[in-house]
>>> print(open('work_27.cif').read())   # mmCIF, C-alpha atoms and all ligand atoms; chains and numbers go by the auth columns
data_run
#
loop_
_atom_site.group_PDB
_atom_site.id
_atom_site.type_symbol
_atom_site.label_atom_id
_atom_site.label_comp_id
_atom_site.label_asym_id
_atom_site.label_seq_id
_atom_site.Cartn_x
_atom_site.Cartn_y
_atom_site.Cartn_z
_atom_site.B_iso_or_equiv
_atom_site.auth_seq_id
_atom_site.auth_asym_id
ATOM 1 C CA MET A 1 38.965 -7.516 -30.529 0.00 1 A
ATOM 2 C CA TYR A 2 39.430 -4.586 -28.083 0.00 2 A
ATOM 3 C CA ASN A 3 41.459 -1.426 -28.685 0.00 3 A
ATOM 4 C CA GLU A 4 44.232 -0.254 -26.335 0.00 4 A
ATOM 5 C CA THR A 5 42.044 2.174 -24.385 0.00 5 A
ATOM 6 C CA VAL A 6 39.469 -0.520 -23.658 0.00 6 A
ATOM 7 C CA LEU A 7 42.177 -2.976 -22.621 0.00 7 A
ATOM 8 C CA ASP A 8 43.782 -0.361 -20.370 0.00 8 A
ATOM 9 C CA HIS A 9 40.501 0.376 -18.583 0.00 9 A
ATOM 10 C CA PHE A 10 39.799 -3.359 -18.263 0.00 10 A
ATOM 11 C CA GLN A 11 43.239 -4.233 -16.933 0.00 11 A
ATOM 12 C CA ASN A 12 43.664 -1.087 -14.793 0.00 12 A
ATOM 13 C CA PRO A 13 40.105 -0.072 -13.964 0.00 13 A
ATOM 14 C CA ARG A 14 39.720 3.365 -12.344 0.00 14 A
ATOM 15 C CA ASN A 15 37.511 3.983 -9.332 0.00 15 A
ATOM 16 C CA VAL A 16 36.777 0.372 -8.339 0.00 16 A
ATOM 17 C CA GLY A 17 35.045 -0.215 -5.004 0.00 17 A
ATOM 18 C CA GLU A 18 32.673 1.831 -2.888 0.00 18 A
ATOM 19 C CA VAL A 19 32.800 5.511 -1.888 0.00 19 A
ATOM 20 C CA GLU A 20 33.464 6.390 1.748 0.00 20 A
ATOM 21 C CA ASN A 21 30.479 8.717 2.136 0.00 21 A
ATOM 22 C CA LEU A 22 27.683 6.947 0.322 0.00 22 A
ATOM 23 C CA SER A 23 24.840 9.142 -0.938 0.00 23 A
ATOM 24 C CA ALA A 24 23.230 6.610 -3.273 0.00 24 A
ATOM 25 C CA VAL A 25 23.827 3.358 -5.093 0.00 25 A
ATOM 26 C CA GLY A 26 22.481 2.238 -8.446 0.00 26 A
ATOM 27 C CA ARG A 27 22.333 -1.391 -9.538 0.00 27 A
ATOM 28 C CA VAL A 28 21.574 -2.612 -13.026 0.00 28 A
ATOM 29 C CA GLN A 29 21.531 -6.164 -14.320 0.00 29 A
ATOM 30 C CA SER A 30 21.737 -6.941 -18.017 0.00 30 A
ATOM 31 C CA GLU A 31 18.709 -8.722 -19.417 0.00 31 A
ATOM 32 C CA ASP A 32 20.964 -10.150 -22.130 0.00 32 A
ATOM 33 C CA CYS A 33 23.656 -11.854 -20.052 0.00 33 A
ATOM 34 C CA GLY A 34 22.810 -11.376 -16.361 0.00 34 A
ATOM 35 C CA ASP A 35 25.947 -9.319 -15.664 0.00 35 A
ATOM 36 C CA THR A 36 25.567 -6.621 -13.005 0.00 36 A
ATOM 37 C CA THR A 37 27.012 -3.166 -12.339 0.00 37 A
ATOM 38 C CA PHE A 38 26.804 -1.145 -9.137 0.00 38 A
ATOM 39 C CA ILE A 39 27.554 2.597 -9.121 0.00 39 A
ATOM 40 C CA TYR A 40 28.224 4.268 -5.769 0.00 40 A
ATOM 41 C CA LEU A 41 27.887 8.031 -5.473 0.00 41 A
ATOM 42 C CA ASP A 42 29.114 10.596 -2.976 0.00 42 A
ATOM 43 C CA ILE A 43 27.074 13.719 -3.744 0.00 43 A
ATOM 44 C CA GLU A 44 27.600 17.154 -2.255 0.00 44 A
ATOM 45 C CA ASP A 45 25.593 20.227 -3.280 0.00 45 A
ATOM 46 C CA ASP A 46 24.211 18.273 -6.273 0.00 46 A
ATOM 47 C CA VAL A 47 27.732 17.599 -7.555 0.00 47 A
ATOM 48 C CA ILE A 48 29.264 14.122 -7.871 0.00 48 A
ATOM 49 C CA LYS A 49 32.144 14.475 -5.465 0.00 49 A
ATOM 50 C CA ASP A 50 33.192 10.834 -5.731 0.00 50 A
ATOM 51 C CA ILE A 51 32.033 7.846 -7.758 0.00 51 A
ATOM 52 C CA LYS A 52 33.082 4.215 -7.682 0.00 52 A
ATOM 53 C CA PHE A 53 31.850 1.018 -9.259 0.00 53 A
ATOM 54 C CA LYS A 54 31.735 -2.737 -8.999 0.00 54 A
ATOM 55 C CA THR A 55 31.018 -4.641 -12.180 0.00 55 A
ATOM 56 C CA PHE A 56 30.446 -8.361 -12.288 0.00 56 A
ATOM 57 C CA GLY A 57 30.732 -8.755 -16.017 0.00 57 A
ATOM 58 C CA CYS A 58 32.846 -8.901 -19.132 0.00 58 A
ATOM 59 C CA ALA A 59 35.859 -6.810 -20.150 0.00 59 A
ATOM 60 C CA ALA A 60 33.703 -4.345 -22.107 0.00 60 A
ATOM 61 C CA ALA A 61 31.388 -3.812 -19.126 0.00 61 A
ATOM 62 C CA ILE A 62 34.321 -3.228 -16.756 0.00 62 A
ATOM 63 C CA ALA A 63 36.068 -0.838 -19.172 0.00 63 A
ATOM 64 C CA SER A 64 32.807 1.075 -19.726 0.00 64 A
ATOM 65 C CA SER A 65 32.213 1.406 -15.986 0.00 65 A
ATOM 66 C CA SER A 66 35.764 2.625 -15.445 0.00 66 A
ATOM 67 C CA MET A 67 35.480 5.220 -18.212 0.00 67 A
ATOM 68 C CA LEU A 68 32.042 6.359 -17.054 0.00 68 A
ATOM 69 C CA THR A 69 33.279 7.017 -13.521 0.00 69 A
ATOM 70 C CA GLU A 70 36.084 9.175 -14.917 0.00 70 A
ATOM 71 C CA MET A 71 33.627 11.115 -17.044 0.00 71 A
ATOM 72 C CA ALA A 72 31.038 11.582 -14.268 0.00 72 A
ATOM 73 C CA LYS A 73 33.304 12.686 -11.421 0.00 73 A
ATOM 74 C CA GLY A 74 32.843 16.411 -10.766 0.00 74 A
ATOM 75 C CA LEU A 75 29.674 16.751 -12.840 0.00 75 A
ATOM 76 C CA THR A 76 26.444 18.197 -11.509 0.00 76 A
ATOM 77 C CA LEU A 77 23.574 15.735 -11.277 0.00 77 A
ATOM 78 C CA GLU A 78 21.865 17.419 -14.238 0.00 78 A
ATOM 79 C CA GLU A 79 25.025 17.032 -16.340 0.00 79 A
ATOM 80 C CA ALA A 80 25.515 13.437 -15.215 0.00 80 A
ATOM 81 C CA LYS A 81 21.945 12.508 -16.151 0.00 81 A
ATOM 82 C CA LYS A 82 22.735 13.418 -19.739 0.00 82 A
ATOM 83 C CA LEU A 83 25.758 11.089 -19.978 0.00 83 A
ATOM 84 C CA THR A 84 24.986 8.362 -22.488 0.00 84 A
ATOM 85 C CA ASN A 85 26.513 4.997 -23.179 0.00 85 A
ATOM 86 C CA GLU A 86 27.289 6.250 -26.709 0.00 86 A
ATOM 87 C CA GLU A 87 29.539 8.936 -25.182 0.00 87 A
ATOM 88 C CA VAL A 88 31.248 6.307 -23.031 0.00 88 A
ATOM 89 C CA VAL A 89 31.821 4.084 -26.077 0.00 89 A
ATOM 90 C CA ASP A 90 33.179 7.100 -28.009 0.00 90 A
ATOM 91 C CA ARG A 91 35.643 7.924 -25.233 0.00 91 A
ATOM 92 C CA LEU A 92 36.751 4.295 -25.228 0.00 92 A
ATOM 93 C CA GLY A 93 37.467 4.578 -28.939 0.00 93 A
ATOM 94 C CA GLY A 94 34.704 2.147 -29.835 0.00 94 A
ATOM 95 C CA LEU A 95 33.579 -1.353 -28.892 0.00 95 A
ATOM 96 C CA PRO A 96 32.789 -4.307 -31.126 0.00 96 A
ATOM 97 C CA GLY A 97 29.140 -4.099 -32.209 0.00 97 A
ATOM 98 C CA PHE A 98 28.061 -7.176 -30.286 0.00 98 A
ATOM 99 C CA LYS A 99 29.547 -5.637 -27.100 0.00 99 A
ATOM 100 C CA ILE A 100 27.663 -2.329 -27.212 0.00 100 A
ATOM 101 C CA HIS A 101 24.974 -3.674 -24.869 0.00 101 A
ATOM 102 C CA CYS A 102 27.689 -4.118 -22.214 0.00 102 A
ATOM 103 C CA SER A 103 28.325 -0.362 -22.142 0.00 103 A
ATOM 104 C CA VAL A 104 24.699 0.327 -21.259 0.00 104 A
ATOM 105 C CA LEU A 105 25.089 -1.120 -17.758 0.00 105 A
ATOM 106 C CA ALA A 106 27.329 1.667 -16.442 0.00 106 A
ATOM 107 C CA ALA A 107 25.272 4.555 -17.834 0.00 107 A
ATOM 108 C CA ASP A 108 22.030 2.983 -16.602 0.00 108 A
ATOM 109 C CA ALA A 109 23.478 2.265 -13.147 0.00 109 A
ATOM 110 C CA LEU A 110 24.547 5.911 -12.867 0.00 110 A
ATOM 111 C CA LYS A 111 21.018 7.039 -13.756 0.00 111 A
ATOM 112 C CA ALA A 112 19.592 4.560 -11.216 0.00 112 A
ATOM 113 C CA ALA A 113 21.887 5.917 -8.491 0.00 113 A
ATOM 114 C CA ILE A 114 20.891 9.513 -9.249 0.00 114 A
ATOM 115 C CA ALA A 115 17.206 8.509 -9.259 0.00 115 A
ATOM 116 C CA GLU A 116 17.634 6.850 -5.864 0.00 116 A
ATOM 117 C CA TYR A 117 19.321 9.961 -4.495 0.00 117 A
ATOM 118 C CA GLU A 118 16.601 12.256 -5.797 0.00 118 A
ATOM 119 C CA ALA A 119 13.860 9.964 -4.460 0.00 119 A
ATOM 120 C CA LYS A 120 15.423 10.087 -0.975 0.00 120 A
ATOM 121 C CA LYS A 121 15.645 13.883 -0.953 0.00 121 A
HETATM 122 FE FE1 LIG B . 27.541 -9.298 -20.067 0.00 201 B
HETATM 123 FE FE2 LIG B . 29.216 -7.867 -21.496 0.00 201 B
HETATM 124 S S1 LIG B . 28.617 -9.922 -21.841 0.00 201 B
HETATM 125 S S2 LIG B . 28.031 -7.208 -19.840 0.00 201 B
#
>>> encode(input="work_27.cif", output="structure tokens")
Amino acid sequence: MYNETVLDHFQNPRNVGEVENLSAVGRVQSEDCGDTTFIYLDIEDDVIKDIKFKTFGCAAAIASSSMLTEMAKGLTLEEAKKLTNEEVVDRLGGLPGFKIHCSVLAADALKAAIAEYEAKK
């Protein structure tokens, strides 16, 4: 059902956990299945210096979170805001159609974390 890239990111997820210097956290829960993703950001000069995640969800959600953290690290906040779940799915080489909603969690949690950071500023 999953391609090799998805399986790799599920079995060896990158950037799991919490950042040491927390600037903001975003939490999103799926309305479809109840699964939850947290994105933790360390932001310096409006650049994502470090990013980690915790996902309580399926293989597709974990792989999407892992890929998203790799894509977002080093981006400016403006660049990171434009990251979409479609781009994450593309970089993963695709997900089964009924699993696309799982990829939305990571992108939305990143946006929520950035929104929290900007609200605090
Ligand atoms: Fe819940 Fe995939 S089934 S995130």
>>> closest_atom_pairs(input="work_27.cif", of="chain A", to="ligand LIG 201 (chain B)", cutoff="12 Å", atoms="only C-alpha atoms and all ligand atoms", output="CSV")
residue,atom,partner,partner_atom,distance
A:Phe10,CA,B:LIG201,FE2,11.9
A:Val28,CA,B:LIG201,S2,10.5
A:Gln29,CA,B:LIG201,S2,8.6
A:Ser30,CA,B:LIG201,S2,6.6
A:Glu31,CA,B:LIG201,FE1,8.9
A:Asp32,CA,B:LIG201,FE1,6.9
A:Cys33,CA,B:LIG201,FE1,4.7
A:Gly34,CA,B:LIG201,FE1,6.4
A:Asp35,CA,B:LIG201,FE1,4.7
A:Thr36,CA,B:LIG201,S2,7.3
A:Thr37,CA,B:LIG201,S2,8.6
A:Thr55,CA,B:LIG201,S2,8.6
A:Phe56,CA,B:LIG201,S2,8.0
A:Gly57,CA,B:LIG201,S2,4.9
A:Cys58,CA,B:LIG201,FE2,4.5
A:Ala59,CA,B:LIG201,FE2,6.9
A:Ala60,CA,B:LIG201,FE2,5.7
A:Ala61,CA,B:LIG201,S2,4.8
A:Ile62,CA,B:LIG201,S2,8.1
A:Ala63,CA,B:LIG201,FE2,10.1
A:Ser64,CA,B:LIG201,S2,9.6
A:Ser65,CA,B:LIG201,S2,10.3
A:Leu95,CA,B:LIG201,FE2,10.8
A:Pro96,CA,B:LIG201,FE2,10.9
A:Gly97,CA,B:LIG201,FE2,11.4
A:Phe98,CA,B:LIG201,FE2,8.9
A:Lys99,CA,B:LIG201,FE2,6.0
A:Ile100,CA,B:LIG201,FE2,8.1
A:His101,CA,B:LIG201,FE2,6.9
A:Cys102,CA,B:LIG201,S2,3.9
A:Ser103,CA,B:LIG201,S2,7.2
A:Val104,CA,B:LIG201,S2,8.4
A:Leu105,CA,B:LIG201,S2,7.1
A:Ala106,CA,B:LIG201,S2,9.5
>>> write_last_selection(input="work_27.cif", atoms="C-alpha atoms", output="PDB file, in the frame of the given file")
ATOM      1  CA  PHE A  10      39.799  -3.359 -18.263  1.00  0.00           C
ATOM      2  CA  VAL A  28      21.574  -2.612 -13.026  1.00  0.00           C
ATOM      3  CA  GLN A  29      21.531  -6.164 -14.320  1.00  0.00           C
ATOM      4  CA  SER A  30      21.737  -6.941 -18.017  1.00  0.00           C
ATOM      5  CA  GLU A  31      18.709  -8.722 -19.417  1.00  0.00           C
ATOM      6  CA  ASP A  32      20.964 -10.150 -22.130  1.00  0.00           C
ATOM      7  CA  CYS A  33      23.656 -11.854 -20.052  1.00  0.00           C
ATOM      8  CA  GLY A  34      22.810 -11.376 -16.361  1.00  0.00           C
ATOM      9  CA  ASP A  35      25.947  -9.319 -15.664  1.00  0.00           C
ATOM     10  CA  THR A  36      25.567  -6.621 -13.005  1.00  0.00           C
ATOM     11  CA  THR A  37      27.012  -3.166 -12.339  1.00  0.00           C
ATOM     12  CA  THR A  55      31.018  -4.641 -12.180  1.00  0.00           C
ATOM     13  CA  PHE A  56      30.446  -8.361 -12.288  1.00  0.00           C
ATOM     14  CA  GLY A  57      30.732  -8.755 -16.017  1.00  0.00           C
ATOM     15  CA  CYS A  58      32.846  -8.901 -19.132  1.00  0.00           C
ATOM     16  CA  ALA A  59      35.859  -6.810 -20.150  1.00  0.00           C
ATOM     17  CA  ALA A  60      33.703  -4.345 -22.107  1.00  0.00           C
ATOM     18  CA  ALA A  61      31.388  -3.812 -19.126  1.00  0.00           C
ATOM     19  CA  ILE A  62      34.321  -3.228 -16.756  1.00  0.00           C
ATOM     20  CA  ALA A  63      36.068  -0.838 -19.172  1.00  0.00           C
ATOM     21  CA  SER A  64      32.807   1.075 -19.726  1.00  0.00           C
ATOM     22  CA  SER A  65      32.213   1.406 -15.986  1.00  0.00           C
ATOM     23  CA  LEU A  95      33.579  -1.353 -28.892  1.00  0.00           C
ATOM     24  CA  PRO A  96      32.789  -4.307 -31.126  1.00  0.00           C
ATOM     25  CA  GLY A  97      29.140  -4.099 -32.209  1.00  0.00           C
ATOM     26  CA  PHE A  98      28.061  -7.176 -30.286  1.00  0.00           C
ATOM     27  CA  LYS A  99      29.547  -5.637 -27.100  1.00  0.00           C
ATOM     28  CA  ILE A 100      27.663  -2.329 -27.212  1.00  0.00           C
ATOM     29  CA  HIS A 101      24.974  -3.674 -24.869  1.00  0.00           C
ATOM     30  CA  CYS A 102      27.689  -4.118 -22.214  1.00  0.00           C
ATOM     31  CA  SER A 103      28.325  -0.362 -22.142  1.00  0.00           C
ATOM     32  CA  VAL A 104      24.699   0.327 -21.259  1.00  0.00           C
ATOM     33  CA  LEU A 105      25.089  -1.120 -17.758  1.00  0.00           C
ATOM     34  CA  ALA A 106      27.329   1.667 -16.442  1.00  0.00           C
TER      35      ALA A 106
END
>>> resolve_selection(input="work_27.cif", expression="the PyMOL selection byres (((chain A and resi 50) around 7) and not hetatm)", output="PyMOL selection string")
chain A and resi 19+41-42+48-49+51-52+73
>>> closest_residue(input="work_27.cif", among="A:Asp46, A:Phe38, A:Thr76, A:Ala24", to="A:Ala107", atoms="all atoms listed in the file")
A:Phe38
>>> closest_residue(input="work_27.cif", among="A:Lys121, A:Asn21, A:Leu92, A:Gln11", to="A:Leu68", atoms="only C-alpha atoms")
A:Leu92
>>> atom_distance(input="work_27.cif", atom1="atom CA of A:Arg14", atom2="atom CA of A:Ala119")
27.8 Å
>>> closest_residue(input="work_27.cif", among="A:Lys54, A:Arg91, A:Arg27, A:Lys82", to="A:Thr5", atoms="only C-alpha atoms")
A:Arg91
>>> atom_distance(input="work_27.cif", atom1="atom CA of A:Glu44", atom2="atom CA of A:Glu116")
14.8 Å
>>> atom_distance(input="work_27.cif", atom1="atom CA of A:Val16", atom2="atom CA of A:Ser66")
7.5 Å
>>> resolve_selection(input="work_27.cif", expression="the PyMOL selection byres (((chain A and resi 83) around 10) and not hetatm)", output="PyMOL selection string")
chain A and resi 68+71-72+75+78-82+84-88+107-108+110-111
>>> closest_residue(input="work_27.cif", among="A:Met67, A:Ala115, A:Ile43, A:Leu7", to="A:Ser23", atoms="only C-alpha atoms")
A:Ile43
>>> closest_residue(input="work_27.cif", among="A:Gly94, A:Met1, A:Tyr40, A:Gly17", to="A:Ile114", atoms="all atoms listed in the file")
A:Tyr40
>>> axis_aligned_box(input="work_27.cif", around="stretch 27-41 of chain A", padding_each_side="8 Å", output="AutoDock Vina command-line options")
--center_x 23.5 --center_y -1.9 --center_z -13.8 --size_x 25.5 --size_y 35.9 --size_z 32.7
>>> build_atoms(input="work_27.cif", residues="stretch 54-80 of chain A", atoms="N, CA and C atoms", output="CSV table (one decimal), keeping the file's coordinate frame")
chain,number,residue,atom,x,y,z
A,54,LYS,N,31.4,-1.3,-9.0
A,54,LYS,CA,31.7,-2.7,-9.0
A,54,LYS,C,31.0,-3.3,-10.2
A,55,THR,N,31.7,-4.0,-11.0
A,55,THR,CA,31.0,-4.6,-12.2
A,55,THR,C,31.4,-6.1,-12.2
A,56,PHE,N,30.3,-6.9,-12.2
A,56,PHE,CA,30.4,-8.4,-12.3
A,56,PHE,C,30.1,-8.7,-13.7
A,57,GLY,N,31.1,-8.6,-14.6
A,57,GLY,CA,30.7,-8.8,-16.0
A,57,GLY,C,32.0,-8.9,-16.9
A,58,CYS,N,31.8,-8.7,-18.1
A,58,CYS,CA,32.8,-8.9,-19.1
A,58,CYS,C,33.8,-7.7,-19.2
A,59,ALA,N,34.8,-7.9,-20.0
A,59,ALA,CA,35.9,-6.8,-20.2
A,59,ALA,C,35.2,-5.5,-20.6
A,60,ALA,N,34.3,-5.6,-21.6
A,60,ALA,CA,33.7,-4.3,-22.1
A,60,ALA,C,32.9,-3.6,-21.0
A,61,ALA,N,32.2,-4.4,-20.2
A,61,ALA,CA,31.4,-3.8,-19.1
A,61,ALA,C,32.3,-3.1,-18.1
A,62,ILE,N,33.4,-3.8,-17.7
A,62,ILE,CA,34.3,-3.2,-16.8
A,62,ILE,C,35.0,-2.0,-17.3
A,63,ALA,N,35.4,-2.0,-18.6
A,63,ALA,CA,36.1,-0.8,-19.2
A,63,ALA,C,35.1,0.3,-19.3
A,64,SER,N,33.8,0.0,-19.6
A,64,SER,CA,32.8,1.1,-19.7
A,64,SER,C,32.5,1.7,-18.4
A,65,SER,N,32.5,0.9,-17.3
A,65,SER,CA,32.2,1.4,-16.0
A,65,SER,C,33.4,2.3,-15.6
A,66,SER,N,34.6,1.8,-15.8
A,66,SER,CA,35.8,2.6,-15.4
A,66,SER,C,35.8,4.0,-16.2
A,67,MET,N,35.5,4.0,-17.5
A,67,MET,CA,35.5,5.2,-18.2
A,67,MET,C,34.3,6.1,-17.7
A,68,LEU,N,33.2,5.5,-17.5
A,68,LEU,CA,32.0,6.4,-17.1
A,68,LEU,C,32.3,7.1,-15.7
A,69,THR,N,33.0,6.4,-14.8
A,69,THR,CA,33.3,7.0,-13.5
A,69,THR,C,34.2,8.2,-13.7
A,70,GLU,N,35.2,8.1,-14.6
A,70,GLU,CA,36.1,9.2,-14.9
A,70,GLU,C,35.3,10.4,-15.5
A,71,MET,N,34.4,10.0,-16.4
A,71,MET,CA,33.6,11.1,-17.0
A,71,MET,C,32.6,11.8,-16.1
A,72,ALA,N,32.1,11.1,-15.1
A,72,ALA,CA,31.0,11.6,-14.3
A,72,ALA,C,31.6,12.4,-13.1
A,73,LYS,N,32.8,12.0,-12.6
A,73,LYS,CA,33.3,12.7,-11.4
A,73,LYS,C,33.4,14.2,-11.6
A,74,GLY,N,32.8,15.0,-10.7
A,74,GLY,CA,32.8,16.4,-10.8
A,74,GLY,C,31.7,17.0,-11.5
A,75,LEU,N,30.8,16.2,-12.1
A,75,LEU,CA,29.7,16.8,-12.8
A,75,LEU,C,28.5,17.1,-11.9
A,76,THR,N,27.7,18.0,-12.3
A,76,THR,CA,26.4,18.2,-11.5
A,76,THR,C,25.5,17.0,-11.8
A,77,LEU,N,24.5,16.8,-11.0
A,77,LEU,CA,23.6,15.7,-11.3
A,77,LEU,C,22.9,15.9,-12.6
A,78,GLU,N,22.5,17.2,-13.0
A,78,GLU,CA,21.9,17.4,-14.2
A,78,GLU,C,22.8,17.1,-15.4
A,79,GLU,N,24.1,17.4,-15.3
A,79,GLU,CA,25.0,17.0,-16.3
A,79,GLU,C,25.2,15.5,-16.4
A,80,ALA,N,25.3,14.9,-15.3
A,80,ALA,CA,25.5,13.4,-15.2
A,80,ALA,C,24.3,12.7,-15.8
